[in-house]
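Structure file start34.txt (compact mmCIF, C-alpha atoms (C1' of nucleotides)) follows.
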```txt
# COMPACT_ATOMS: atom_id res chain seq x y z
CA MET A 1244 -34.55 -11.34 -10.36
CA GLY A 1245 -34.91 -7.62 -10.16
CA ASP A 1246 -31.81 -6.36 -8.41
CA THR A 1247 -29.81 -9.58 -8.34
CA ALA A 1248 -26.42 -8.05 -7.63
CA ALA A 1249 -24.74 -7.82 -11.02
CA ARG A 1250 -21.63 -6.92 -9.09
CA PRO A 1251 -21.07 -5.90 -5.48
CA LEU A 1252 -21.86 -2.24 -4.91
CA ARG A 1253 -19.31 -0.05 -3.25
CA ALA A 1254 -19.90 0.40 0.50
CA ASP A 1255 -20.76 3.96 -0.32
CA ALA A 1256 -23.47 3.11 -2.77
CA GLU A 1257 -24.99 0.44 -0.59
CA ARG A 1258 -25.54 2.97 2.17
CA SER A 1259 -27.23 5.30 -0.28
CA VAL A 1260 -29.58 2.59 -1.45
CA ARG A 1261 -30.63 1.77 2.09
CA ALA A 1262 -31.05 5.45 2.94
CA VAL A 1263 -33.25 5.96 -0.11
CA LEU A 1264 -35.44 2.96 0.66
CA GLU A 1265 -35.92 4.01 4.26
CA ALA A 1266 -36.64 7.60 3.28
CA ALA A 1267 -39.09 6.47 0.63
CA GLU A 1268 -40.98 4.47 3.23
CA ARG A 1269 -41.13 7.39 5.62
CA VAL A 1270 -42.15 9.98 3.04
CA LEU A 1271 -44.56 7.88 1.01
CA ALA A 1272 -46.31 6.64 4.14
CA GLU A 1273 -47.41 10.22 4.73
CA ASP A 1274 -48.05 11.15 1.11
CA PRO A 1275 -48.20 8.32 -1.44
CA GLY A 1276 -47.93 10.89 -4.21
CA ALA A 1277 -44.73 12.47 -2.95
CA SER A 1278 -42.11 13.34 -5.54
CA MET A 1279 -38.66 11.86 -5.99
CA GLU A 1280 -37.29 15.22 -4.90
CA GLN A 1281 -38.96 14.91 -1.49
CA ILE A 1282 -37.68 11.37 -1.08
CA ALA A 1283 -34.18 12.42 -2.04
CA ALA A 1284 -34.25 15.27 0.44
CA ALA A 1285 -35.42 12.96 3.24
CA ALA A 1286 -32.64 10.55 2.36
CA GLY A 1287 -30.02 13.29 2.40
CA VAL A 1288 -29.18 12.54 -1.20
CA ALA A 1289 -29.41 14.24 -4.57
CA ARG A 1290 -32.33 13.34 -6.77
CA THR A 1291 -30.02 12.14 -9.54
CA THR A 1292 -28.49 9.62 -7.18
CA ILE A 1293 -31.84 7.91 -6.81
CA HIS A 1294 -32.16 7.70 -10.56
CA ARG A 1295 -28.73 6.13 -10.76
CA ARG A 1296 -29.82 3.11 -8.72
CA PHE A 1297 -33.48 2.94 -9.71
CA ALA A 1298 -34.26 3.41 -13.37
CA SER A 1299 -37.73 4.80 -12.73
CA ARG A 1300 -40.16 5.56 -9.98
CA GLN A 1301 -41.77 2.22 -10.70
CA ALA A 1302 -38.45 0.44 -10.20
CA LEU A 1303 -38.03 2.14 -6.84
CA MET A 1304 -41.46 0.98 -5.77
CA GLU A 1305 -40.72 -2.61 -6.69
CA ALA A 1306 -37.41 -2.55 -4.88
CA LEU A 1307 -39.17 -1.10 -1.87
CA ALA A 1308 -41.82 -3.81 -1.98
CA THR A 1309 -39.39 -6.72 -2.25
CA SER A 1310 -37.11 -5.29 0.42
CA ALA A 1311 -39.99 -5.05 2.85
CA ALA A 1312 -41.37 -8.45 1.90
CA ARG A 1313 -38.01 -10.04 2.63
CA GLN A 1314 -37.90 -8.50 6.08
CA LEU A 1315 -41.43 -9.67 6.75
CA ALA A 1316 -40.59 -13.21 5.71
CA GLN A 1317 -37.59 -13.07 8.00
CA ALA A 1318 -39.78 -11.88 10.87
CA VAL A 1319 -42.05 -14.89 10.39
CA ASP A 1320 -39.17 -17.33 10.22
CA ASP A 1321 -37.68 -15.91 13.40
CA GLY A 1322 -40.84 -17.03 15.22
CA ARG A 1323 -40.05 -20.72 14.47
CA PRO A 1324 -43.48 -21.38 12.99
CA ASP A 1325 -42.84 -25.07 12.40
CA THR A 1326 -41.28 -26.15 15.66
CA ALA A 1327 -42.50 -23.96 18.52
CA PRO A 1328 -45.83 -24.81 20.20
CA PRO A 1329 -48.68 -23.16 18.25
CA LEU A 1330 -49.56 -20.52 20.82
CA VAL A 1331 -45.94 -19.58 21.37
CA ALA A 1332 -45.28 -19.40 17.65
CA MET A 1333 -48.36 -17.26 17.09
CA HIS A 1334 -47.36 -14.84 19.78
CA ARG A 1335 -43.75 -14.54 18.68
CA ILE A 1336 -44.63 -14.21 15.03
CA THR A 1337 -47.25 -11.59 15.79
CA ALA A 1338 -44.86 -9.51 17.83
CA ASN A 1339 -42.17 -9.73 15.16
CA VAL A 1340 -44.55 -8.92 12.35
CA LEU A 1341 -45.92 -5.95 14.26
CA GLN A 1342 -42.48 -4.43 14.39
CA VAL A 1343 -41.67 -4.98 10.73
CA LYS A 1344 -45.07 -3.96 9.52
CA GLY A 1345 -44.96 -0.86 11.65
CA ALA A 1346 -41.70 0.21 10.07
CA TRP A 1347 -42.67 -0.73 6.49
CA ALA A 1348 -46.40 -0.12 6.40
CA PHE A 1349 -46.42 1.65 3.07
CA ALA A 1350 -44.10 -0.75 1.27
CA LEU A 1351 -46.07 -3.78 2.46
CA GLY A 1352 -49.33 -2.28 1.30
CA LEU A 1353 -47.93 -1.81 -2.17
CA PRO A 1354 -49.67 -3.77 -4.94
CA SER A 1355 -47.18 -6.26 -6.36
CA ASP A 1356 -47.96 -7.86 -9.70
CA PRO A 1357 -47.98 -11.65 -9.78
CA GLY A 1358 -44.61 -13.16 -10.57
CA SER A 1359 -42.61 -10.48 -8.76
CA GLU A 1360 -40.41 -11.56 -5.91
CA ALA A 1361 -42.59 -9.61 -3.50
CA ALA A 1362 -45.70 -11.49 -4.60
CA ILE A 1363 -43.95 -14.84 -4.26
CA LEU A 1364 -42.78 -13.98 -0.77
CA GLN A 1365 -46.28 -12.87 0.16
CA ARG A 1366 -47.74 -16.19 -0.93
CA ASP A 1367 -45.02 -17.98 0.95
CA ILE A 1368 -45.85 -16.03 4.11
CA ASN A 1369 -49.54 -16.80 3.67
CA ASP A 1370 -48.76 -20.49 3.47
CA ARG A 1371 -46.62 -20.45 6.59
CA CYS A 1372 -49.36 -18.57 8.37
CA VAL A 1373 -51.99 -21.12 7.43
CA ALA A 1374 -49.62 -23.89 8.48
CA VAL A 1375 -49.38 -22.42 11.97
CA LEU A 1376 -53.14 -22.10 12.12
CA GLU A 1377 -53.48 -25.73 11.15
CA ARG A 1378 -51.21 -26.72 13.98
CA ALA A 1379 -53.34 -24.57 16.28
CA LYS A 1380 -56.44 -26.32 15.01
CA ALA A 1381 -54.85 -29.71 15.64
CA ALA A 1382 -54.16 -28.55 19.20
CA HIS A 1383 -57.84 -27.63 19.60
CA LEU A 1384 -57.09 -23.93 19.94
CA ILE A 1385 -59.22 -23.29 16.87
CA ALA A 1386 -62.61 -24.77 16.09
CA ASP A 1387 -62.33 -27.67 13.66
CA THR A 1388 -65.13 -26.11 11.64
CA ALA A 1389 -63.20 -22.87 11.11
CA ASP A 1390 -62.27 -21.66 7.64
CA LEU A 1391 -58.55 -21.12 8.05
CA ASP A 1392 -58.31 -18.73 5.13
CA TRP A 1393 -60.88 -16.48 6.74
CA VAL A 1394 -59.07 -16.80 10.04
CA ARG A 1395 -55.84 -15.78 8.37
CA ARG A 1396 -57.41 -12.71 6.81
CA VAL A 1397 -58.97 -11.74 10.12
CA TYR A 1398 -55.56 -12.17 11.71
CA TYR A 1399 -53.98 -9.83 9.16
CA ALA A 1400 -56.76 -7.31 9.66
CA LEU A 1401 -56.29 -7.33 13.42
CA ILE A 1402 -52.59 -6.65 12.98
CA SER A 1403 -53.21 -3.78 10.59
CA GLU A 1404 -55.83 -2.26 12.82
CA SER A 1405 -53.61 -2.48 15.88
CA LEU A 1406 -50.85 -0.63 14.07
CA ARG A 1407 -53.20 2.00 12.72
CA SER A 1408 -54.71 2.90 16.07
CA GLU A 1409 -51.84 2.33 18.49
CA PRO A 1410 -48.55 2.26 16.60
CA ASP A 1411 -46.43 3.05 19.64
CA THR A 1412 -47.64 0.41 22.06
CA ASP A 1413 -45.45 -2.46 23.16
CA PRO A 1414 -45.62 -5.20 20.48
CA ASP A 1415 -46.08 -7.97 23.05
CA THR A 1416 -49.08 -6.22 24.54
CA LEU A 1417 -50.65 -5.75 21.13
CA ALA A 1418 -49.87 -9.32 20.16
CA ALA A 1419 -51.58 -10.65 23.26
CA ARG A 1420 -54.75 -8.74 22.53
CA ILE A 1421 -54.69 -9.70 18.86
CA ILE A 1422 -54.46 -13.40 19.58
CA ASP A 1423 -57.01 -13.23 22.35
CA THR A 1424 -59.46 -11.45 20.07
CA LEU A 1425 -58.71 -13.80 17.19
CA LEU A 1426 -59.44 -16.89 19.28
CA TYR A 1427 -62.23 -15.75 21.56
CA GLY A 1428 -63.73 -12.59 20.09
CA ALA A 1429 -65.53 -10.02 22.23
CA GLY A 1430 -68.19 -12.28 23.70
CA PRO A 1431 -68.49 -13.34 27.36
CA ARG A 1432 -65.86 -15.80 28.57
CA PRO A 1433 -66.82 -19.21 29.93
CA MET B 241 -71.07 23.75 4.80
CA GLY B 242 -69.33 22.81 1.62
CA ASP B 243 -71.95 22.46 -1.08
CA THR B 244 -74.92 23.81 0.83
CA ALA B 245 -77.18 24.51 -2.15
CA ALA B 246 -76.79 28.23 -2.80
CA ARG B 247 -79.68 27.78 -5.17
CA PRO B 248 -81.26 24.64 -6.65
CA LEU B 249 -79.29 23.27 -9.57
CA ARG B 250 -81.06 22.58 -12.79
CA ALA B 251 -82.15 18.95 -13.14
CA ASP B 252 -79.55 18.70 -15.85
CA ALA B 253 -76.67 19.82 -13.68
CA GLU B 254 -77.71 17.67 -10.76
CA ARG B 255 -77.46 14.57 -12.92
CA SER B 256 -73.99 15.59 -14.01
CA VAL B 257 -72.83 16.03 -10.45
CA ARG B 258 -74.08 12.60 -9.48
CA ALA B 259 -72.51 11.04 -12.58
CA VAL B 260 -69.18 12.66 -11.79
CA LEU B 261 -69.20 11.52 -8.17
CA GLU B 262 -70.07 7.96 -9.12
CA ALA B 263 -67.48 7.90 -11.87
CA ALA B 264 -64.86 9.34 -9.55
CA GLU B 265 -65.53 6.54 -7.07
CA ARG B 266 -65.24 3.88 -9.75
CA VAL B 267 -62.09 5.25 -11.36
CA LEU B 268 -60.22 6.32 -8.24
CA ALA B 269 -60.92 3.00 -6.55
CA GLU B 270 -58.79 1.37 -9.22
CA ASP B 271 -56.18 4.12 -9.50
CA PRO B 272 -56.09 6.77 -6.77
CA GLY B 273 -53.85 8.88 -8.98
CA ALA B 274 -56.19 8.93 -11.96
CA SER B 275 -56.57 12.23 -13.78
CA MET B 276 -59.65 14.41 -14.05
CA GLU B 277 -59.74 13.50 -17.71
CA GLN B 278 -60.20 9.82 -16.90
CA ILE B 279 -62.91 10.63 -14.40
CA ALA B 280 -64.68 12.85 -16.90
CA ALA B 281 -64.53 10.14 -19.55
CA ALA B 282 -65.97 7.56 -17.16
CA ALA B 283 -68.77 9.99 -16.29
CA GLY B 284 -69.58 10.64 -19.93
CA VAL B 285 -68.85 14.30 -19.41
CA ALA B 286 -66.31 16.88 -20.59
CA ARG B 287 -63.46 17.67 -18.27
CA THR B 288 -64.45 21.32 -18.10
CA THR B 289 -67.86 20.35 -16.76
CA ILE B 290 -66.22 18.85 -13.70
CA HIS B 291 -64.28 22.04 -13.11
CA ARG B 292 -67.51 24.00 -13.32
CA ARG B 293 -68.98 22.22 -10.29
CA PHE B 294 -65.80 21.50 -8.36
CA ALA B 295 -63.27 24.31 -8.15
CA SER B 296 -60.31 21.96 -7.81
CA ARG B 297 -59.40 18.33 -7.51
CA GLN B 298 -59.33 18.81 -3.76
CA ALA B 299 -62.87 20.15 -3.79
CA LEU B 300 -64.04 17.10 -5.72
CA MET B 301 -62.45 14.83 -3.16
CA GLU B 302 -64.17 16.57 -0.29
CA ALA B 303 -67.52 16.46 -2.01
CA LEU B 304 -66.94 12.78 -2.66
CA ALA B 305 -66.10 12.14 0.97
CA THR B 306 -69.10 13.95 2.40
CA SER B 307 -71.47 12.39 -0.11
CA ALA B 308 -70.31 8.93 0.86
CA ALA B 309 -70.32 9.72 4.58
CA ARG B 310 -73.94 10.84 4.34
CA GLN B 311 -74.95 7.60 2.70
CA LEU B 312 -73.10 5.63 5.33
CA ALA B 313 -74.82 7.51 8.14
CA GLN B 314 -78.12 6.80 6.45
CA ALA B 315 -77.27 3.11 6.25
CA VAL B 316 -76.65 3.01 9.97
CA ASP B 317 -79.84 4.85 10.79
CA ASP B 318 -81.83 2.47 8.63
CA GLY B 319 -80.79 -0.34 10.97
CA ARG B 320 -82.68 1.28 13.88
CA PRO B 321 -79.66 1.16 16.18
CA ASP B 322 -81.52 2.56 19.18
CA THR B 323 -84.71 0.56 19.16
CA ALA B 324 -84.14 -2.86 17.61
CA PRO B 325 -82.75 -5.68 19.78
CA PRO B 326 -78.95 -5.49 19.81
CA LEU B 327 -78.30 -8.58 17.72
CA VAL B 328 -80.90 -7.61 15.16
CA ALA B 329 -79.58 -4.08 14.95
CA MET B 330 -76.02 -5.28 14.54
CA HIS B 331 -76.97 -7.62 11.76
CA ARG B 332 -79.08 -5.10 9.89
CA ILE B 333 -76.54 -2.33 10.26
CA THR B 334 -73.75 -4.59 9.13
CA ALA B 335 -75.61 -5.67 6.02
CA ASN B 336 -76.51 -2.08 5.16
CA VAL B 337 -73.01 -0.80 5.75
CA LEU B 338 -71.56 -3.59 3.64
CA GLN B 339 -73.59 -2.42 0.68
CA VAL B 340 -72.72 1.25 1.04
CA LYS B 341 -69.10 0.64 1.83
CA GLY B 342 -68.82 -1.73 -1.10
CA ALA B 343 -70.09 0.95 -3.45
CA TRP B 344 -68.06 3.82 -1.92
CA ALA B 345 -64.92 2.12 -0.71
CA PHE B 346 -62.55 4.74 -2.03
CA ALA B 347 -64.53 7.76 -0.88
CA LEU B 348 -64.92 6.36 2.63
CA GLY B 349 -61.21 5.66 2.90
CA LEU B 350 -60.45 9.27 2.09
CA PRO B 351 -58.70 11.25 4.84
CA SER B 352 -61.03 14.03 5.95
CA ASP B 353 -59.59 16.88 7.95
CA PRO B 354 -61.21 17.59 11.32
CA GLY B 355 -64.08 20.03 11.10
CA SER B 356 -65.26 18.88 7.69
CA GLU B 357 -68.76 17.52 7.41
CA ALA B 358 -67.37 14.12 6.55
CA ALA B 359 -65.33 14.02 9.75
CA ILE B 360 -68.32 15.06 11.83
CA LEU B 361 -70.45 12.37 10.28
CA GLN B 362 -67.73 9.81 10.88
CA ARG B 363 -67.58 10.66 14.56
CA ASP B 364 -71.34 10.51 14.72
CA ILE B 365 -71.31 7.05 13.20
CA ASN B 366 -68.63 5.92 15.62
CA ASP B 367 -70.78 7.06 18.52
CA ARG B 368 -73.85 5.26 17.26
CA CYS B 369 -71.76 2.16 16.77
CA VAL B 370 -70.43 2.24 20.32
CA ALA B 371 -73.96 2.82 21.58
CA VAL B 372 -75.13 -0.38 19.92
CA LEU B 373 -72.18 -2.24 21.37
CA GLU B 374 -73.07 -0.92 24.82
CA ARG B 375 -76.57 -2.26 24.44
CA ALA B 376 -75.07 -5.58 23.38
CA LYS B 377 -72.87 -5.55 26.45
CA ALA B 378 -75.89 -4.85 28.66
CA ALA B 379 -77.57 -7.87 27.06
CA HIS B 380 -74.53 -10.00 27.94
CA LEU B 381 -73.63 -10.57 24.30
CA ILE B 382 -70.27 -8.92 24.95
CA ALA B 383 -67.97 -9.49 27.89
CA ASP B 384 -68.34 -6.74 30.47
CA THR B 385 -64.55 -6.45 30.55
CA ALA B 386 -64.36 -5.68 26.85
CA ASP B 387 -62.89 -2.40 25.58
CA LEU B 388 -65.70 -1.20 23.33
CA ASP B 389 -63.48 1.08 21.30
CA TRP B 390 -61.24 -1.83 20.42
CA VAL B 391 -64.31 -3.91 19.63
CA ARG B 392 -65.56 -1.18 17.34
CA ARG B 393 -62.26 -1.00 15.48
CA VAL B 394 -62.18 -4.77 15.11
CA TYR B 395 -65.72 -4.60 13.79
CA TYR B 396 -64.72 -2.04 11.17
CA ALA B 397 -61.70 -4.11 10.22
CA LEU B 398 -63.83 -7.22 9.74
CA ILE B 399 -66.15 -5.31 7.47
CA SER B 400 -63.30 -3.95 5.37
CA GLU B 401 -61.66 -7.33 5.10
CA SER B 402 -64.89 -9.00 4.06
CA LEU B 403 -65.34 -6.51 1.26
CA ARG B 404 -61.76 -6.78 0.13
CA SER B 405 -61.77 -10.54 -0.20
CA GLU B 406 -65.35 -11.31 -1.19
CA PRO B 407 -67.01 -8.18 -2.54
CA ASP B 408 -69.72 -10.04 -4.41
CA THR B 409 -71.10 -12.28 -1.71
CA ASP B 410 -74.56 -11.79 -0.26
CA PRO B 411 -74.37 -9.06 2.42
CA ASP B 412 -76.43 -11.07 4.88
CA THR B 413 -74.06 -14.01 4.63
CA LEU B 414 -71.06 -11.78 5.19
CA ALA B 415 -72.79 -9.98 8.04
CA ALA B 416 -73.51 -13.26 9.79
CA ARG B 417 -69.88 -14.31 9.63
CA ILE B 418 -68.64 -10.90 10.72
CA ILE B 419 -70.80 -10.84 13.83
CA ASP B 420 -70.04 -14.43 14.66
CA THR B 421 -66.32 -13.79 14.40
CA LEU B 422 -66.59 -10.55 16.33
CA LEU B 423 -68.38 -12.20 19.24
CA TYR B 424 -66.80 -15.63 19.38
CA GLY B 425 -63.57 -15.52 17.40
CA ALA B 426 -62.08 -18.63 15.82
CA GLY B 427 -61.73 -20.71 18.95
CA PRO B 428 -63.67 -23.90 19.75
CA ARG B 429 -67.35 -23.39 20.61
CA PRO B 430 -68.75 -24.47 23.98
C1' DA C 383 -1.13 6.61 -4.17
C1' DG C 384 -3.78 5.90 -8.08
C1' DA C 385 -7.66 4.01 -10.66
C1' DA C 386 -12.46 3.16 -10.46
C1' DA C 387 -16.71 4.21 -8.77
C1' DA C 388 -20.01 7.22 -6.72
C1' DC C 389 -21.60 11.68 -5.67
C1' DG C 390 -23.53 16.59 -5.94
C1' DC C 391 -24.77 20.19 -8.84
C1' DA C 392 -26.65 22.32 -12.74
C1' DA C 393 -29.06 22.30 -16.70
C1' DC C 394 -32.21 20.53 -20.25
C1' DA C 395 -36.08 18.42 -22.77
C1' DG C 396 -40.40 16.27 -22.48
C1' DC C 397 -44.68 15.40 -20.79
C1' DA C 398 -48.96 15.25 -18.42
C1' DA C 399 -52.19 17.38 -15.33
C1' DT C 400 -54.39 21.43 -13.72
C1' DG C 401 -57.18 25.27 -14.09
C1' DA C 402 -59.09 29.12 -16.83
C1' DT C 403 -61.57 31.25 -20.86
C1' DG C 404 -64.58 32.16 -24.76
C1' DC C 405 -68.08 30.71 -27.70
C1' DA C 406 -71.72 28.20 -30.02
C1' DG C 407 -75.27 24.85 -29.53
C1' DA C 408 -78.42 22.19 -26.58
C1' DT C 409 -81.74 21.85 -22.70
C1' DA C 410 -84.61 22.76 -18.84
C1' DG C 411 -88.27 25.50 -16.77
C1' DG C 412 -91.44 29.27 -16.20
C1' DC D 717 -91.82 30.15 -26.49
C1' DC D 718 -88.27 32.54 -24.57
C1' DT D 719 -84.73 33.09 -21.39
C1' DA D 720 -81.38 31.54 -18.21
C1' DT D 721 -78.63 27.86 -17.52
C1' DC D 722 -75.81 24.10 -18.77
C1' DT D 723 -72.77 21.60 -21.84
C1' DG D 724 -69.15 20.43 -25.22
C1' DC D 725 -65.13 21.82 -27.67
C1' DA D 726 -61.04 24.07 -28.61
C1' DT D 727 -57.40 26.62 -26.78
C1' DC D 728 -54.00 28.48 -23.72
C1' DA D 729 -50.78 29.33 -19.81
C1' DT D 730 -48.80 27.41 -15.88
C1' DT D 731 -46.89 24.25 -13.11
C1' DG D 732 -44.55 20.28 -11.34
C1' DC D 733 -42.48 15.75 -12.05
C1' DT D 734 -39.66 12.75 -14.66
C1' DG D 735 -35.67 11.11 -16.72
C1' DT D 736 -31.12 12.29 -18.88
C1' DT D 737 -26.57 14.18 -19.51
C1' DG D 738 -22.11 16.32 -18.49
C1' DC D 739 -18.59 17.79 -15.36
C1' DG D 740 -15.87 18.56 -11.43
C1' DT D 741 -15.18 16.67 -6.79
C1' DT D 742 -15.15 13.27 -3.19
C1' DT D 743 -14.90 8.59 -1.55
C1' DT D 744 -13.76 3.81 -1.67
C1' DC D 745 -10.88 0.00 -2.66
C1' DT D 746 -6.54 -2.25 -3.81
```

Represent the structure of the file as structure tokens.
Amino acid sequence: MGDTAARPLRADAERSVRAVLEAAERVLAEDPGASMEQIAAAAGVARTTIHRRFASRQALMEALATSAARQLAQAVDDGRPDTAPPLVAMHRITANVLQVKGAWAFALGLPSDPGSEAAILQRDINDRCVAVLERAKAAHLIADTADLDWVRRVYYALISESLRSEPDTDPDTLAARIIDTLLYGAGPRP
Amino acid sequence: MGDTAARPLRADAERSVRAVLEAAERVLAEDPGASMEQIAAAAGVARTTIHRRFASRQALMEALATSAARQLAQAVDDGRPDTAPPLVAMHRITANVLQVKGAWAFALGLPSDPGSEAAILQRDINDRCVAVLERAKAAHLIADTADLDWVRRVYYALISESLRSEPDTDPDTLAARIIDTLLYGAGPRP
DNA sequence: AGAAAACGCAACAGCAATGATGCAGATAGG
DNA sequence: CCTATCTGCATCATTGCTGTTGCGTTTTCT
């Protein structure tokens, strides 16, 4: 319950908030120690305006984290993780997540203390992810001896690495390689 | 050619330098924005002593990065990457790297500008790594269609992820899982 | 059109980190 | 043992970021 709308912001203000969050992501991704001044400049906004909406730098960070976490959760949901066939769901989710995580890399890497909305969303996403992997296991796409938590972490790592080394490649292409590597590794194919 | 010993430091001073570097790693790993004061305290040293050896915070960072990079290069060499059988080399190197990277996680994640000794060492390590993977490919441990640079990046990612989630597990156990995952993924085994 | 809300600008106080300096006491090494 | 080196401490100037406040102007909403 951080920024639960006390009362609806004016259209004006809402734009500013979005601009600040997007600018913060852009600027902080390049320099995590960047000042509020730099963020304000990138947002096309005065520094005082940021302080009007976010009490402190810390508050801005939390807002940034929850905003990004919500978008990520949305990206997962859009892949229909519970109804689509496992392979289809995995591919769609991966492609969606690649886009969101590419645009909000810094915010999603932000440490969120337990209890925050961002942390809750993260756990929720983890659970959905494991659920999909379980369905994949049931469909014999994954070895029944596999540790799904390890598989999930490897999956996350593959996504991060793909974005780090080739951020501008087509998401579907990256997703295909990620899933292929996740399931079959680098070894010779049967 | 950053700290190329102009003349041998006194035994005293050399201990201080090591203490500072180790303390910096410990402190900065928890809070990348920590102050020199905190680092000095953790090293059991006065803040001015740090400034005597390292002109600026930036200089300390670079020294930290090259120090860690040297240890990492050593860890790779110790695995006999050119002579041992590919699988043995991969396992030994992985276990060695896990130990070094666990102890110098922050320093090794530090961005080093091209031309610095750290960057050169990093490229050198990358090359050795690809060389091992090529030998593995020649031994039919890796598909001959595989993109070795992607395999290398996946390998690095698996190492990082292992350390992030289970830093205190036996390196050999982690190494075994890393290589297994790298080669065969999570899919069902033949 | 008029009230309420939001904005830019300017200015201010406070604070913490950086980096430098001088000096007196400890320590290593020939 | 004697000197050169190293360290701790205390101090200082500088700098940059943060967070706040007040005021005049612009924008939104009804």

Contact residues (chain A, partner chain C, 12 Å, all atoms listed in the file) as an NGL selection string = :A and (1251-1260 or 1287-1293 or 1295-1296)

How big is the axis-aligned box around all listed atoms of region 1358-1364 of chain A once 3 Å goes on each side, and where's its centre, in Å to one decimal, as AutoDock Vina command-line options?
```
--center_x -43.1 --center_y -12.2 --center_z -5.7 --size_x 11.3 --size_y 11.2 --size_z 15.8
```

message = If I take CA of Arg1261 (chain A) and CA of Gln1314 (chain A), how far is one from the other in Å, to one decimal?
response = 13.2 Å

Counting only C-alpha atoms, a student should be able to say which residues of chain B come within 10 Å of chain A; what is the right answer, written as a PDB file with C-alpha atoms, in the frame of the given file?
```
ATOM      1  CA  PRO B 272     -56.090   6.770  -6.770  1.00  0.00           C
ATOM      2  CA  GLY B 273     -53.850   8.880  -8.980  1.00  0.00           C
ATOM      3  CA  ALA B 376     -75.070  -5.580  23.380  1.00  0.00           C
ATOM      4  CA  LYS B 377     -72.870  -5.550  26.450  1.00  0.00           C
ATOM      5  CA  HIS B 380     -74.530 -10.000  27.940  1.00  0.00           C
ATOM      6  CA  LEU B 381     -73.630 -10.570  24.300  1.00  0.00           C
ATOM      7  CA  ILE B 382     -70.270  -8.920  24.950  1.00  0.00           C
ATOM      8  CA  ALA B 383     -67.970  -9.490  27.890  1.00  0.00           C
ATOM      9  CA  ASP B 384     -68.340  -6.740  30.470  1.00  0.00           C
ATOM     10  CA  THR B 385     -64.550  -6.450  30.550  1.00  0.00           C
ATOM     11  CA  ALA B 386     -64.360  -5.680  26.850  1.00  0.00           C
ATOM     12  CA  ASP B 387     -62.890  -2.400  25.580  1.00  0.00           C
ATOM     13  CA  LEU B 388     -65.700  -1.200  23.330  1.00  0.00           C
ATOM     14  CA  TRP B 390     -61.240  -1.830  20.420  1.00  0.00           C
ATOM     15  CA  VAL B 391     -64.310  -3.910  19.630  1.00  0.00           C
ATOM     16  CA  ARG B 393     -62.260  -1.000  15.480  1.00  0.00           C
ATOM     17  CA  VAL B 394     -62.180  -4.770  15.110  1.00  0.00           C
ATOM     18  CA  TYR B 395     -65.720  -4.600  13.790  1.00  0.00           C
ATOM     19  CA  TYR B 396     -64.720  -2.040  11.170  1.00  0.00           C
ATOM     20  CA  ALA B 397     -61.700  -4.110  10.220  1.00  0.00           C
ATOM     21  CA  LEU B 398     -63.830  -7.220   9.740  1.00  0.00           C
ATOM     22  CA  ILE B 399     -66.150  -5.310   7.470  1.00  0.00           C
ATOM     23  CA  SER B 400     -63.300  -3.950   5.370  1.00  0.00           C
ATOM     24  CA  GLU B 401     -61.660  -7.330   5.100  1.00  0.00           C
ATOM     25  CA  SER B 402     -64.890  -9.000   4.060  1.00  0.00           C
ATOM     26  CA  ARG B 404     -61.760  -6.780   0.130  1.00  0.00           C
ATOM     27  CA  SER B 405     -61.770 -10.540  -0.200  1.00  0.00           C
ATOM     28  CA  ARG B 417     -69.880 -14.310   9.630  1.00  0.00           C
ATOM     29  CA  ILE B 418     -68.640 -10.900  10.720  1.00  0.00           C
ATOM     30  CA  ILE B 419     -70.800 -10.840  13.830  1.00  0.00           C
ATOM     31  CA  ASP B 420     -70.040 -14.430  14.660  1.00  0.00           C
ATOM     32  CA  THR B 421     -66.320 -13.790  14.400  1.00  0.00           C
ATOM     33  CA  LEU B 422     -66.590 -10.550  16.330  1.00  0.00           C
ATOM     34  CA  LEU B 423     -68.380 -12.200  19.240  1.00  0.00           C
ATOM     35  CA  TYR B 424     -66.800 -15.630  19.380  1.00  0.00           C
ATOM     36  CA  GLY B 425     -63.570 -15.520  17.400  1.00  0.00           C
ATOM     37  CA  ALA B 426     -62.080 -18.630  15.820  1.00  0.00           C
ATOM     38  CA  GLY B 427     -61.730 -20.710  18.950  1.00  0.00           C
ATOM     39  CA  PRO B 428     -63.670 -23.900  19.750  1.00  0.00           C
ATOM     40  CA  ARG B 429     -67.350 -23.390  20.610  1.00  0.00           C
ATOM     41  CA  PRO B 430     -68.750 -24.470  23.980  1.00  0.00           C
TER      42      PRO B 430
END
```

Write out as a short mmCIF file (atom, residue, chain, number, x, y, z; two decimals) with C-alpha atoms, in the frame of the given file which residues come within 6 Å of Ala1338 (chain A) when counting all atoms listed in the file, dropping same-chain ones fewer than 6 positions away.
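around.cif was written with the following content:
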```cif
data_model
loop_
_atom_site.label_atom_id
_atom_site.label_comp_id
_atom_site.auth_asym_id
_atom_site.auth_seq_id
_atom_site.Cartn_x
_atom_site.Cartn_y
_atom_site.Cartn_z
CA PRO A 1414 -45.62 -5.20 20.48
CA ASP A 1415 -46.08 -7.97 23.05
CA ALA A 1418 -49.87 -9.32 20.16
#
```

Proximity of chain A to chain D: per-residue shortest pair, 9 Å limit, all atoms listed in the file, as a tab-separated table:
```
residue	atom	partner	partner_atom	distance
A:Arg1253	CA	D:DT744	C1'	6.9
A:Ala1254	CA	D:DT744	C1'	7.4
A:Asp1255	CA	D:DT744	C1'	7.1
A:Ser1278	CA	D:DC733	C1'	7.0
A:Met1279	CA	D:DC733	C1'	8.2
A:Glu1280	CA	D:DC733	C1'	8.9
A:His1294	CA	D:DG735	C1'	7.9
A:Ala1298	CA	D:DG735	C1'	8.5
A:Ser1299	CA	D:DG735	C1'	7.7
A:Arg1300	CA	D:DT734	C1'	8.6
```
